$ cat final-v5.cif   # mmCIF, C-alpha atoms
data_protein
loop_
_atom_site.label_atom_id
_atom_site.label_comp_id
_atom_site.auth_asym_id
_atom_site.auth_seq_id
_atom_site.Cartn_x
_atom_site.Cartn_y
_atom_site.Cartn_z
CA MET A 1 0.00 0.00 0.00
CA ARG A 2 2.76 2.39 1.01
CA LYS A 3 4.68 1.59 -2.11
CA TYR A 4 1.63 2.29 -4.14
CA ILE A 5 1.21 5.76 -2.65
CA ILE A 6 4.86 6.66 -3.13
CA ASN A 7 4.71 5.44 -6.69
CA SER A 8 1.70 7.51 -7.54
CA ILE A 9 3.16 10.63 -5.95
CA PHE A 10 6.27 10.09 -8.03
CA MET A 11 4.25 9.70 -11.19
CA LEU A 12 2.22 12.76 -10.38
CA SER A 13 5.25 14.96 -9.85
CA ILE A 14 6.78 13.81 -13.10
CA MET A 15 3.58 14.62 -14.86
CA ALA A 16 3.46 18.01 -13.22
CA VAL A 17 7.00 18.80 -14.40
CA ILE A 18 6.26 17.74 -17.95
CA PHE A 19 3.00 19.60 -17.93
CA SER A 20 4.53 22.86 -16.69
CA CYS A 21 7.46 22.63 -19.10
CA GLN A 22 5.27 22.11 -22.07
CA ASN A 23 3.09 24.98 -21.11
CA GLN A 24 5.54 27.62 -20.00
CA GLU A 25 4.72 29.53 -23.15
CA THR A 26 1.01 29.02 -22.67
CA VAL A 27 1.30 30.27 -19.11
CA ASP A 28 3.26 33.31 -20.26
CA LEU A 29 0.73 33.94 -22.96
CA GLN A 30 -2.09 33.83 -20.44
CA ASN A 31 -0.21 36.21 -18.17
CA TYR A 32 0.50 38.63 -20.97
CA MET A 33 -3.10 38.42 -22.13
CA SER A 34 -4.57 39.23 -18.75
CA ASN A 35 -2.14 42.08 -17.95
CA GLY A 36 -2.34 43.29 -21.52
CA LYS A 37 -6.11 43.47 -21.27
CA ASP A 38 -5.89 45.71 -18.20
CA ILE A 39 -3.47 48.03 -19.96
CA TYR A 40 -5.66 48.04 -23.06
CA LYS A 41 -8.73 48.96 -21.04
CA SER A 42 -7.07 51.84 -19.25
CA ARG A 43 -5.02 53.30 -22.13
CA CYS A 44 -6.25 52.19 -25.52
CA GLN A 45 -9.92 51.30 -25.32
CA ASN A 46 -11.09 54.93 -25.32
CA CYS A 47 -9.89 55.30 -28.92
CA HIS A 48 -9.77 51.78 -30.28
CA GLY A 49 -12.96 50.50 -28.64
CA GLU A 50 -13.94 47.62 -26.42
CA ASN A 51 -13.78 45.17 -29.32
CA GLY A 52 -11.03 46.86 -31.27
CA GLU A 53 -13.61 48.45 -33.57
CA GLY A 54 -11.94 51.88 -33.64
CA LEU A 55 -13.79 55.20 -33.54
CA GLY A 56 -15.19 56.47 -36.80
CA GLU A 57 -12.33 57.88 -38.85
CA LEU A 58 -10.69 59.21 -35.71
CA ALA A 59 -9.04 55.95 -34.67
CA PRO A 60 -8.51 52.84 -36.82
CA PRO A 61 -9.78 49.41 -35.78
CA LEU A 62 -7.36 46.77 -34.51
CA THR A 63 -9.13 44.02 -36.40
CA ASP A 64 -7.05 44.14 -39.59
CA SER A 65 -4.95 41.01 -39.12
CA VAL A 66 -3.12 41.61 -42.36
CA PHE A 67 -2.05 45.09 -41.27
CA LEU A 68 -0.93 43.79 -37.90
CA LYS A 69 1.04 40.95 -39.49
CA THR A 70 2.72 43.15 -42.08
CA ASN A 71 3.69 45.64 -39.42
CA LYS A 72 4.54 43.09 -36.77
CA SER A 73 8.08 44.33 -36.18
CA ARG A 74 7.05 47.94 -35.69
CA LEU A 75 3.93 47.46 -33.56
CA ALA A 76 5.92 47.87 -30.35
CA CYS A 77 7.34 51.17 -31.60
CA ILE A 78 3.89 52.38 -32.69
CA ILE A 79 2.48 51.61 -29.26
CA LYS A 80 5.29 53.23 -27.31
CA ASN A 81 6.00 56.28 -29.49
CA GLY A 82 2.62 56.85 -31.10
CA ILE A 83 2.31 57.40 -34.82
CA ASN A 84 1.50 60.27 -37.11
CA GLU A 85 1.55 59.10 -40.73
CA PRO A 86 -1.19 57.99 -43.10
CA LEU A 87 -2.10 54.35 -42.50
CA ILE A 88 -4.30 52.05 -44.56
CA VAL A 89 -6.35 49.84 -42.26
CA HIS A 90 -9.07 47.62 -43.71
CA GLY A 91 -8.65 49.46 -46.98
CA LYS A 92 -9.44 52.85 -45.44
CA GLU A 93 -6.95 55.64 -45.01
CA TYR A 94 -6.45 57.14 -41.56
CA LYS A 95 -4.60 60.42 -41.22
CA GLU A 96 -4.75 61.03 -37.52
CA LYS A 97 -2.28 61.13 -34.71
CA MET A 98 -1.88 58.51 -32.03
CA PRO A 99 -0.22 59.82 -28.85
CA ALA A 100 2.97 58.29 -27.40
CA PHE A 101 2.91 56.30 -24.19
CA PRO A 102 6.32 57.04 -22.67
CA GLU A 103 5.07 55.83 -19.29
CA LEU A 104 4.71 52.25 -20.54
CA ALA A 105 7.67 50.02 -19.63
CA ASP A 106 8.92 47.51 -22.20
CA ILE A 107 7.07 44.70 -20.47
CA ASP A 108 3.82 46.69 -20.61
CA VAL A 109 4.28 47.29 -24.31
CA ALA A 110 4.94 43.57 -24.84
CA GLN A 111 1.85 42.60 -22.90
CA VAL A 112 -0.55 44.99 -24.58
CA MET A 113 0.91 44.10 -27.97
CA VAL A 114 0.39 40.40 -27.36
CA TYR A 115 -3.11 41.19 -26.16
CA ILE A 116 -4.21 43.09 -29.27
CA THR A 117 -2.57 40.64 -31.68
CA ASN A 118 -4.45 37.76 -30.03
CA SER A 119 -7.85 39.40 -29.55
CA PHE A 120 -10.58 40.86 -31.76
CA GLY A 121 -10.22 37.94 -34.16
CA ASN A 122 -6.41 38.18 -34.39
CA ASN A 123 -4.35 35.13 -33.60
CA GLN A 124 -0.65 35.80 -33.94
CA GLY A 125 0.67 33.98 -30.90
CA PHE A 126 3.21 34.86 -28.27
CA VAL A 127 6.06 37.37 -28.51
CA PRO A 128 8.46 37.36 -25.56
CA TYR A 129 9.38 40.51 -23.73
CA LYS A 130 13.07 40.27 -24.75
CA GLN A 131 12.17 40.44 -28.41
CA VAL A 132 9.93 43.46 -27.83
CA SER A 133 12.70 45.13 -25.87
CA THR A 134 15.10 44.74 -28.80
CA GLN A 135 12.47 46.14 -31.17
CA LEU A 136 12.00 49.14 -28.92
CA GLN A 137 15.71 49.89 -28.92
CA ASN A 138 15.66 50.07 -32.69
CA CYS A 139 12.67 52.34 -33.20
CA LYS A 140 13.15 54.88 -35.93
CA MET B 1 -48.15 40.32 17.82
CA ASN B 2 -46.56 43.74 17.99
CA LYS B 3 -43.82 42.49 15.75
CA ILE B 4 -46.28 41.38 13.10
CA ILE B 5 -48.04 44.71 13.10
CA SER B 6 -44.87 46.65 12.70
CA LEU B 7 -43.76 44.31 9.93
CA ILE B 8 -46.99 44.91 8.07
CA ALA B 9 -46.63 48.63 8.61
CA ILE B 10 -43.13 48.60 7.15
CA CYS B 11 -44.30 46.62 4.15
CA LEU B 12 -47.13 49.04 3.54
CA LEU B 13 -44.74 51.95 3.78
CA PHE B 14 -42.51 50.36 1.14
CA VAL B 15 -45.39 49.73 -1.18
CA THR B 16 -46.59 53.32 -0.92
CA ILE B 17 -43.11 54.68 -1.50
CA LEU B 18 -42.59 52.45 -4.53
CA SER B 19 -45.93 53.18 -6.07
CA SER B 20 -45.60 56.91 -5.54
CA CYS B 21 -42.26 56.79 -7.31
CA GLN B 22 -43.82 55.11 -10.29
CA GLN B 23 -46.71 57.50 -10.51
CA GLU B 24 -44.66 60.65 -10.56
CA LYS B 25 -41.78 59.79 -12.78
CA LYS B 26 -40.18 63.14 -13.10
CA LEU B 27 -36.53 64.04 -13.40
CA PRO B 28 -34.94 66.15 -10.67
CA PHE B 29 -33.85 69.77 -11.06
CA TYR B 30 -30.19 70.68 -10.62
CA GLY B 31 -28.52 73.89 -9.51
CA GLU B 32 -29.73 76.81 -7.49
CA ARG B 33 -33.36 77.55 -6.86
CA HIS B 34 -35.46 80.17 -5.14
CA THR B 35 -39.12 80.77 -4.57
CA GLU B 36 -41.15 83.59 -5.99
CA THR B 37 -44.64 84.70 -5.25
CA ILE B 38 -46.68 84.98 -8.38
CA LYS B 39 -50.36 85.52 -9.12
CA ASP B 40 -52.16 82.58 -10.61
CA SER B 41 -54.92 82.85 -13.19
CA SER B 42 -57.56 83.64 -10.57
CA GLY B 43 -55.44 86.46 -9.17
CA ALA B 44 -54.51 84.71 -5.93
CA ASP B 45 -50.94 84.69 -4.65
CA LYS B 46 -49.08 81.48 -5.29
CA ILE B 47 -45.60 80.41 -4.34
CA ASP B 48 -43.54 79.04 -7.18
CA THR B 49 -40.07 77.52 -7.26
CA VAL B 50 -37.75 79.03 -9.85
CA TYR B 51 -34.83 76.90 -11.01
CA GLN B 52 -31.47 77.79 -12.44
CA THR B 53 -31.56 78.21 -16.23
CA ILE B 54 -28.99 78.36 -19.02
CA PRO B 55 -28.57 82.01 -20.13
CA ASN B 56 -28.50 83.24 -23.72
CA TRP B 57 -25.39 82.28 -25.63
CA SER B 58 -23.81 82.87 -29.02
CA PHE B 59 -20.94 80.92 -30.59
CA LEU B 60 -19.57 79.84 -33.97
CA ASN B 61 -20.57 76.35 -34.99
CA GLN B 62 -18.69 73.80 -37.11
CA ASP B 63 -19.85 75.55 -40.28
CA SER B 64 -18.52 78.89 -38.99
CA VAL B 65 -22.09 80.13 -38.65
CA VAL B 66 -23.06 82.25 -35.66
CA THR B 67 -25.27 79.99 -33.57
CA THR B 68 -27.26 81.06 -30.55
CA ASN B 69 -29.52 79.57 -27.91
CA ARG B 70 -32.30 79.94 -30.50
CA ALA B 71 -31.03 76.70 -32.01
CA THR B 72 -31.90 74.83 -28.84
CA ASP B 73 -34.81 76.91 -27.52
CA GLY B 74 -37.90 74.77 -27.08
CA LYS B 75 -35.89 71.56 -27.35
CA VAL B 76 -34.47 69.03 -24.98
CA TYR B 77 -30.72 68.94 -25.49
CA ILE B 78 -27.56 67.33 -24.23
CA ALA B 79 -24.50 69.52 -23.68
CA ASP B 80 -20.90 68.57 -23.04
CA PHE B 81 -17.40 70.05 -22.98
CA PHE B 82 -14.48 68.49 -24.86
CA PHE B 83 -11.64 69.29 -27.24
CA THR B 84 -10.60 67.57 -30.44
CA SER B 85 -7.02 66.73 -29.48
CA CYS B 86 -8.07 65.17 -26.18
CA THR B 87 -6.60 61.68 -25.92
CA THR B 88 -8.16 60.58 -22.64
CA ILE B 89 -11.85 60.81 -21.79
CA CYS B 90 -13.26 62.60 -24.84
CA PRO B 91 -13.08 59.68 -27.28
CA THR B 92 -15.03 57.56 -24.80
CA MET B 93 -17.55 60.33 -24.11
CA HIS B 94 -18.25 60.87 -27.77
CA ARG B 95 -18.25 57.17 -28.57
CA ASN B 96 -21.01 56.81 -25.98
CA LEU B 97 -22.79 60.01 -26.98
CA MET B 98 -22.84 58.75 -30.56
CA THR B 99 -25.09 55.88 -29.44
CA VAL B 100 -27.49 58.41 -27.89
CA TYR B 101 -27.32 60.51 -31.05
CA ASN B 102 -28.09 57.52 -33.24
CA GLN B 103 -31.07 56.61 -31.09
CA PHE B 104 -32.64 60.08 -31.16
CA LYS B 105 -31.43 61.21 -34.58
CA THR B 106 -34.91 61.37 -36.03
CA ASN B 107 -36.55 63.05 -33.04
CA PRO B 108 -36.94 66.76 -33.85
CA ASP B 109 -37.28 67.64 -30.15
CA VAL B 110 -33.79 66.47 -29.22
CA MET B 111 -30.45 68.19 -29.92
CA PHE B 112 -26.78 67.83 -29.08
CA VAL B 113 -24.33 70.61 -28.26
CA SER B 114 -20.59 70.08 -27.75
CA HIS B 115 -18.47 73.02 -26.62
CA THR B 116 -14.75 72.91 -27.24
CA ILE B 117 -12.61 74.20 -24.37
CA ASP B 118 -9.54 74.45 -26.63
CA PHE B 119 -9.96 78.07 -27.70
CA LYS B 120 -6.46 78.09 -29.23
CA TYR B 121 -6.65 75.23 -31.67
CA ASP B 122 -10.24 74.08 -32.18
CA ARG B 123 -11.37 76.60 -34.80
CA PRO B 124 -14.66 75.83 -36.56
CA TYR B 125 -12.97 74.05 -39.48
CA VAL B 126 -11.15 71.78 -37.00
CA LEU B 127 -14.49 71.03 -35.35
CA LYS B 128 -16.01 70.31 -38.75
CA LYS B 129 -13.34 67.77 -39.60
CA TYR B 130 -13.72 66.18 -36.19
CA ALA B 131 -17.50 65.91 -36.52
CA GLN B 132 -17.24 64.33 -39.94
CA LYS B 133 -14.66 61.82 -38.79
CA LEU B 134 -16.79 60.95 -35.79
CA GLY B 135 -19.66 60.32 -38.19
CA VAL B 136 -21.87 63.34 -37.48
CA ASP B 137 -23.46 65.31 -40.26
CA GLY B 138 -26.02 68.10 -40.13
CA ALA B 139 -27.37 70.54 -37.59
CA LYS B 140 -28.72 68.18 -34.95
CA TRP B 141 -25.34 68.02 -33.23
CA GLN B 142 -23.70 71.41 -32.94
CA PHE B 143 -19.98 71.73 -32.23
CA LEU B 144 -19.39 75.20 -30.83
CA TYR B 145 -16.34 77.44 -30.68
CA GLY B 146 -16.08 80.49 -28.46
CA SER B 147 -13.70 82.62 -26.41
CA LYS B 148 -12.16 81.09 -23.33
CA ASP B 149 -14.10 83.39 -21.05
CA SER B 150 -17.52 82.76 -22.53
CA VAL B 151 -17.14 78.99 -22.73
CA TYR B 152 -15.49 78.47 -19.34
CA THR B 153 -18.02 80.66 -17.56
CA LEU B 154 -20.90 78.87 -19.21
CA ALA B 155 -19.40 75.51 -18.24
CA GLU B 156 -18.74 76.23 -14.59
CA LYS B 157 -21.52 78.67 -13.67
CA ASN B 158 -24.35 77.42 -15.82
CA TYR B 159 -23.82 73.80 -16.76
CA LEU B 160 -21.96 73.04 -13.51
CA VAL B 161 -19.13 71.26 -15.31
CA ALA B 162 -15.55 71.90 -14.18
CA VAL B 163 -13.13 72.84 -16.98
CA GLY B 164 -9.68 74.41 -17.03
CA GLU B 165 -6.27 74.78 -18.57
CA ASP B 166 -3.62 72.70 -16.87
CA SER B 167 -0.09 72.51 -18.19
CA THR B 168 0.58 69.39 -16.13
CA ALA B 169 -2.29 67.43 -17.71
CA LYS B 170 -1.45 65.12 -20.60
CA ASP B 171 -3.21 67.26 -23.22
CA GLY B 172 -3.03 70.64 -21.50
CA TYR B 173 -6.63 70.81 -20.33
CA ILE B 174 -8.69 69.16 -17.66
CA HIS B 175 -12.43 68.82 -17.62
CA GLN B 176 -15.25 66.66 -16.39
CA GLY B 177 -16.93 64.28 -18.78
CA TYR B 178 -20.52 65.06 -17.92
CA LEU B 179 -23.32 64.92 -20.44
CA VAL B 180 -25.76 67.52 -19.16
CA LEU B 181 -29.45 67.11 -19.94
CA ILE B 182 -31.35 70.39 -20.43
CA ASP B 183 -35.12 70.65 -20.69
CA LYS B 184 -37.19 72.81 -23.03
CA ASP B 185 -37.21 75.58 -20.44
CA ARG B 186 -33.41 75.63 -20.19
CA ARG B 187 -33.31 73.96 -16.79
CA ILE B 188 -30.72 71.30 -15.86
CA ARG B 189 -32.45 67.95 -15.44
CA GLY B 190 -29.60 65.49 -15.38
CA ALA B 191 -25.82 65.04 -15.48
CA TYR B 192 -24.38 61.73 -16.64
CA ASP B 193 -20.77 60.63 -16.71
CA GLY B 194 -20.19 60.20 -20.43
CA THR B 195 -17.34 57.76 -19.83
CA LYS B 196 -19.59 55.28 -18.02
CA LYS B 197 -21.78 53.04 -20.12
CA ASP B 198 -24.44 52.50 -17.46
CA GLN B 199 -24.91 56.23 -16.93
CA VAL B 200 -25.22 56.81 -20.64
CA GLU B 201 -27.85 54.06 -20.76
CA GLN B 202 -29.69 55.93 -18.00
CA LEU B 203 -29.56 59.09 -20.10
CA LYS B 204 -31.20 57.20 -22.95
CA LYS B 205 -34.01 56.22 -20.62
CA ASP B 206 -34.36 59.69 -19.11
CA ILE B 207 -34.72 61.59 -22.39
CA PRO B 208 -38.17 60.08 -23.15
CA VAL B 209 -39.22 60.71 -19.54
CA LEU B 210 -38.33 64.36 -19.93
CA LEU B 211 -40.05 64.62 -23.29
CA ALA B 212 -43.17 63.06 -21.76
CA GLU B 213 -43.38 65.88 -19.20
CA TYR B 214 -44.20 68.23 -22.04
CA LYS B 215 -46.85 66.02 -23.59
CA LYS B 216 -49.45 66.66 -20.89
#

$ encode --input "final-v5.cif" --output "structure tokens"
Amino acid sequence: MRKYIINSIFMLSIMAVIFSCQNQETVDLQNYMSNGKDIYKSRCQNCHGENGEGLGELAPPLTDSVFLKTNKSRLACIIKNGINEPLIVHGKEYKEKMPAFPELADIDVAQVMVYITNSFGNNQGFVPYKQVSTQLQNCK
Amino acid sequence: MNKIISLIAICLLFVTILSSCQQEKKLPFYGERHTETIKDSSGADKIDTVYQTIPNWSFLNQDSVVTTNRATDGKVYIADFFFTSCTTICPTMHRNLMTVYNQFKTNPDVMFVSHTIDFKYDRPYVLKKYAQKLGVDGAKWQFLYGSKDSVYTLAEKNYLVAVGEDSTAKDGYIHQGYLVLIDKDRRIRGAYDGTKKDQVEQLKKDIPVLLAEYKK
């Protein structure tokens, strides 16, 4: 009986290790998503909308997966430094100005970026903080 | 026994309070008030409460046309204070106000009035571009430009909305995001936080209540 218990505990811990290893990225993704959502709500939702629908012609929607994919490497810079150049989103031209968010740390930028690229019908997966940090150092 | 009686009494009290609420569904009055003695139709003295009203005003609208209180006289309207380069509460306020606008678009008794508090930058043509990009067309929603003095005084003294310049604020101005509901007699009948969805929903329910007061 004792042997049986020890055996099952052993098995369980091995399973736990495997499980957590396999899912480190999933866990990170979940973390980023939940923190990113909070940041989105407090800083971005006013302009881009609860469901990323945008606001008239004043702010573009965040639902154009093709735009987000094509601009993947500069999204972090857009979020941190704002942007003020004509953009084509969903085939419509936007000529407005998005403010900078200098108060966002690199990790915040990474989290909100992962959130928007995996919400509103987008599904671009995880981007680790280190990669975002490098992108932010090379903003034009 | 005593307990039962008092319980029944309390229940009755609740029922009367509830039913009286339902019967007289009337919106409150905001601001200062005073009483005046007036003569009624039979010549007898009568005491009447006089409420704070919005004074006459005159501003330029988004088409650069001089617009006065005559545009809103005899109508129920919703007023707010904003500026076009505001990156914080204004987009949310106007996103929410848009839903009110869309609901009452075809009602000739309802109007919308947005005052810019950015007297430096928000000239009428800037307001026009903003309105168009928001999705507003026509005279039902007026975007008004005026001098700092006239707009700020109107906001704080008459609509009871705090506004101001503040160099430490992100966009250089601070203001409250109230949507103020004005009745056909220029009295303040409601103030709703335009950044809160539930309060904006309440506004949508209160507009018909206010309109109904005039149907009798």

$ atom_distance --input "final-v5.cif" --atom1 "atom CA of B:Leu144" --atom2 "atom CA of B:Val113"
7.2 Å

$ resolve_selection --input "final-v5.cif" --expression "the PyMOL selection byres ((chain B and resi 209) around 12)" --output "PyMOL selection string"
chain B and resi 22+24-28+76+181+183+189-190+202-208+210-216

$ interface_residues --input "final-v5.cif" --of "chain B" --to "chain A" --cutoff "6 Å" --atoms "all atoms listed in the file" --output "list in words"
Pro91, Thr92, Lys133 and Leu134 of chain B

$ write_last_selection --input "final-v5.cif" --atoms "C-alpha atoms" --output "mmCIF file, in the coordinates of the input"
data_model
loop_
_atom_site.group_PDB
_atom_site.id
_atom_site.type_symbol
_atom_site.label_atom_id
_atom_site.label_comp_id
_atom_site.auth_asym_id
_atom_site.auth_seq_id
_atom_site.Cartn_x
_atom_site.Cartn_y
_atom_site.Cartn_z
ATOM 1 C CA PRO B 91 -13.080 59.680 -27.280
ATOM 2 C CA THR B 92 -15.030 57.560 -24.800
ATOM 3 C CA LYS B 133 -14.660 61.820 -38.790
ATOM 4 C CA LEU B 134 -16.790 60.950 -35.790
#

$ closest_residue --input "final-v5.cif" --among "B:Arg95, B:Lys105, B:Lys170, B:Arg33" --to "B:Lys140" --atoms "only C-alpha atoms"
B:Lys105

$ residues_around --input "final-v5.cif" --residues "B:His34" --least-positions-apart "5" --cutoff "12 Å" --atoms "only C-alpha atoms" --output "number ranges by chain"
B: 47-53

$ resolve_selection --input "final-v5.cif" --expression "the PyMOL selection byres ((chain A and resi 126-132) around 9)" --output "ChimeraX atom specification"
/A:25-26,28-29,32,73,76-77,106-111,113-114,117-118,124-125,133-137

$ write_last_selection --input "final-v5.cif" --atoms "C-alpha atoms" --output "PDB file, in the coordinates of the input"
ATOM      1  CA  GLU A  25       4.720  29.530 -23.150  1.00  0.00           C
ATOM      2  CA  THR A  26       1.010  29.020 -22.670  1.00  0.00           C
ATOM      3  CA  ASP A  28       3.260  33.310 -20.260  1.00  0.00           C
ATOM      4  CA  LEU A  29       0.730  33.940 -22.960  1.00  0.00           C
ATOM      5  CA  TYR A  32       0.500  38.630 -20.970  1.00  0.00           C
ATOM      6  CA  SER A  73       8.080  44.330 -36.180  1.00  0.00           C
ATOM      7  CA  ALA A  76       5.920  47.870 -30.350  1.00  0.00           C
ATOM      8  CA  CYS A  77       7.340  51.170 -31.600  1.00  0.00           C
ATOM      9  CA  ASP A 106       8.920  47.510 -22.200  1.00  0.00           C
ATOM     10  CA  ILE A 107       7.070  44.700 -20.470  1.00  0.00           C
ATOM     11  CA  ASP A 108       3.820  46.690 -20.610  1.00  0.00           C
ATOM     12  CA  VAL A 109       4.280  47.290 -24.310  1.00  0.00           C
ATOM     13  CA  ALA A 110       4.940  43.570 -24.840  1.00  0.00           C
ATOM     14  CA  GLN A 111       1.850  42.600 -22.900  1.00  0.00           C
ATOM     15  CA  MET A 113       0.910  44.100 -27.970  1.00  0.00           C
ATOM     16  CA  VAL A 114       0.390  40.400 -27.360  1.00  0.00           C
ATOM     17  CA  THR A 117      -2.570  40.640 -31.680  1.00  0.00           C
ATOM     18  CA  ASN A 118      -4.450  37.760 -30.030  1.00  0.00           C
ATOM     19  CA  GLN A 124      -0.650  35.800 -33.940  1.00  0.00           C
ATOM     20  CA  GLY A 125       0.670  33.980 -30.900  1.00  0.00           C
ATOM     21  CA  SER A 133      12.700  45.130 -25.870  1.00  0.00           C
ATOM     22  CA  THR A 134      15.100  44.740 -28.800  1.00  0.00           C
ATOM     23  CA  GLN A 135      12.470  46.140 -31.170  1.00  0.00           C
ATOM     24  CA  LEU A 136      12.000  49.140 -28.920  1.00  0.00           C
ATOM     25  CA  GLN A 137      15.710  49.890 -28.920  1.00  0.00           C
TER      26      GLN A 137
END

$ resolve_selection --input "final-v5.cif" --expression "the PyMOL selection byres ((chain B and resi 90) around 10)" --output "VMD selection string"
(chain A and resid 46 to 47) or (chain B and resid 80 to 89 91 to 96 175 to 177 194 to 195)

$ residues_around --input "final-v5.cif" --residues "B:Val65" --least-positions-apart "2" --cutoff "12 Å" --atoms "all atoms listed in the file" --output "list in words"
Ser58, Phe59, Leu60, Asn61, Gln62, Asp63, Thr67, Thr68, Ala71, Arg123, Pro124, Tyr125, Lys128, Ala139, Gln142, Phe143, Leu144, Tyr145 and Gly146 of chain B

$ atom_distance --input "final-v5.cif" --atom1 "atom CA of B:Val161" --atom2 "atom CA of B:Asp137"
26.0 Å

$ residues_around --input "final-v5.cif" --residues "stretch 88-91 of chain A" --least-positions-apart "3" --cutoff "10 Å" --atoms "all atoms listed in the file" --output "list in words"
Pro60, Pro61, Leu62, Thr63, Asp64, Ser65, Val66, Phe67, Leu68, Glu85, Tyr94 and Lys95 of chain A

$ atom_distance --input "final-v5.cif" --atom1 "atom CA of B:Tyr173" --atom2 "atom CA of A:Pro102"
19.0 Å

$ axis_aligned_box --input "final-v5.cif" --around "stretch 110-128 of chain A" --padding-each-side "4 Å" --output "JSON"
{"center_x": -1.1, "center_y": 39.5, "center_z": -28.6, "size_x": 27.0, "size_y": 19.0, "size_z": 19.5}

$ closest_residue --input "final-v5.cif" --among "B:Leu97, B:Tyr159, B:Asn102, B:Ser42" --to "B:Asp193" --atoms "all atoms listed in the file"
B:Leu97

$ residues_around --input "final-v5.cif" --residues "B:Phe119" --least-positions-apart "3" --cutoff "7 Å" --atoms "only C-alpha atoms" --output "MDAnalysis selection string"
chainID B and resid 122 146:148

$ build_atoms --input "final-v5.cif" --residues "stretch 72-77 of chain A" --atoms "all heavy atoms" --output "CSV table (one decimal), in the coordinates of the input"
chain,number,residue,atom,x,y,z
A,72,LYS,N,4.2,43.8,-38.0
A,72,LYS,CA,4.5,43.1,-36.8
A,72,LYS,C,5.8,43.7,-36.0
A,72,LYS,O,5.7,44.0,-34.9
A,72,LYS,CB,4.8,41.6,-37.1
A,72,LYS,CG,4.7,40.8,-35.8
A,72,LYS,CD,4.6,39.3,-36.2
A,72,LYS,CE,4.5,38.5,-34.8
A,72,LYS,NZ,4.3,37.1,-35.0
A,73,SER,N,6.8,43.9,-36.8
A,73,SER,CA,8.1,44.3,-36.2
A,73,SER,C,8.1,45.8,-35.7
A,73,SER,O,8.9,46.2,-34.9
A,73,SER,CB,9.2,44.1,-37.1
A,73,SER,OG,9.0,44.9,-38.3
A,74,ARG,N,7.1,46.6,-36.2
A,74,ARG,CA,7.0,47.9,-35.7
A,74,ARG,C,5.9,48.2,-34.8
A,74,ARG,O,5.7,49.4,-34.3
A,74,ARG,CB,7.1,48.9,-36.9
A,74,ARG,CG,5.9,48.8,-37.8
A,74,ARG,CD,6.2,49.6,-39.1
A,74,ARG,NE,5.9,51.1,-39.0
A,74,ARG,CZ,5.0,51.7,-39.7
A,74,ARG,NH1,4.2,51.1,-40.5
A,74,ARG,NH2,4.8,53.0,-39.5
A,75,LEU,N,5.1,47.2,-34.5
A,75,LEU,CA,3.9,47.5,-33.6
A,75,LEU,C,4.4,48.0,-32.2
A,75,LEU,O,3.8,48.9,-31.7
A,75,LEU,CB,3.2,46.2,-33.3
A,75,LEU,CG,2.3,45.7,-34.5
A,75,LEU,CD1,1.4,44.5,-34.1
A,75,LEU,CD2,1.3,46.8,-35.0
A,76,ALA,N,5.4,47.4,-31.7
A,76,ALA,CA,5.9,47.9,-30.4
A,76,ALA,C,6.3,49.4,-30.4
A,76,ALA,O,5.9,50.1,-29.5
A,76,ALA,CB,7.1,47.0,-29.9
A,77,CYS,N,6.9,49.8,-31.5
A,77,CYS,CA,7.3,51.2,-31.6
A,77,CYS,C,6.1,52.1,-31.8
A,77,CYS,O,6.1,53.2,-31.2
A,77,CYS,CB,8.3,51.3,-32.8
A,77,CYS,SG,9.9,50.5,-32.6
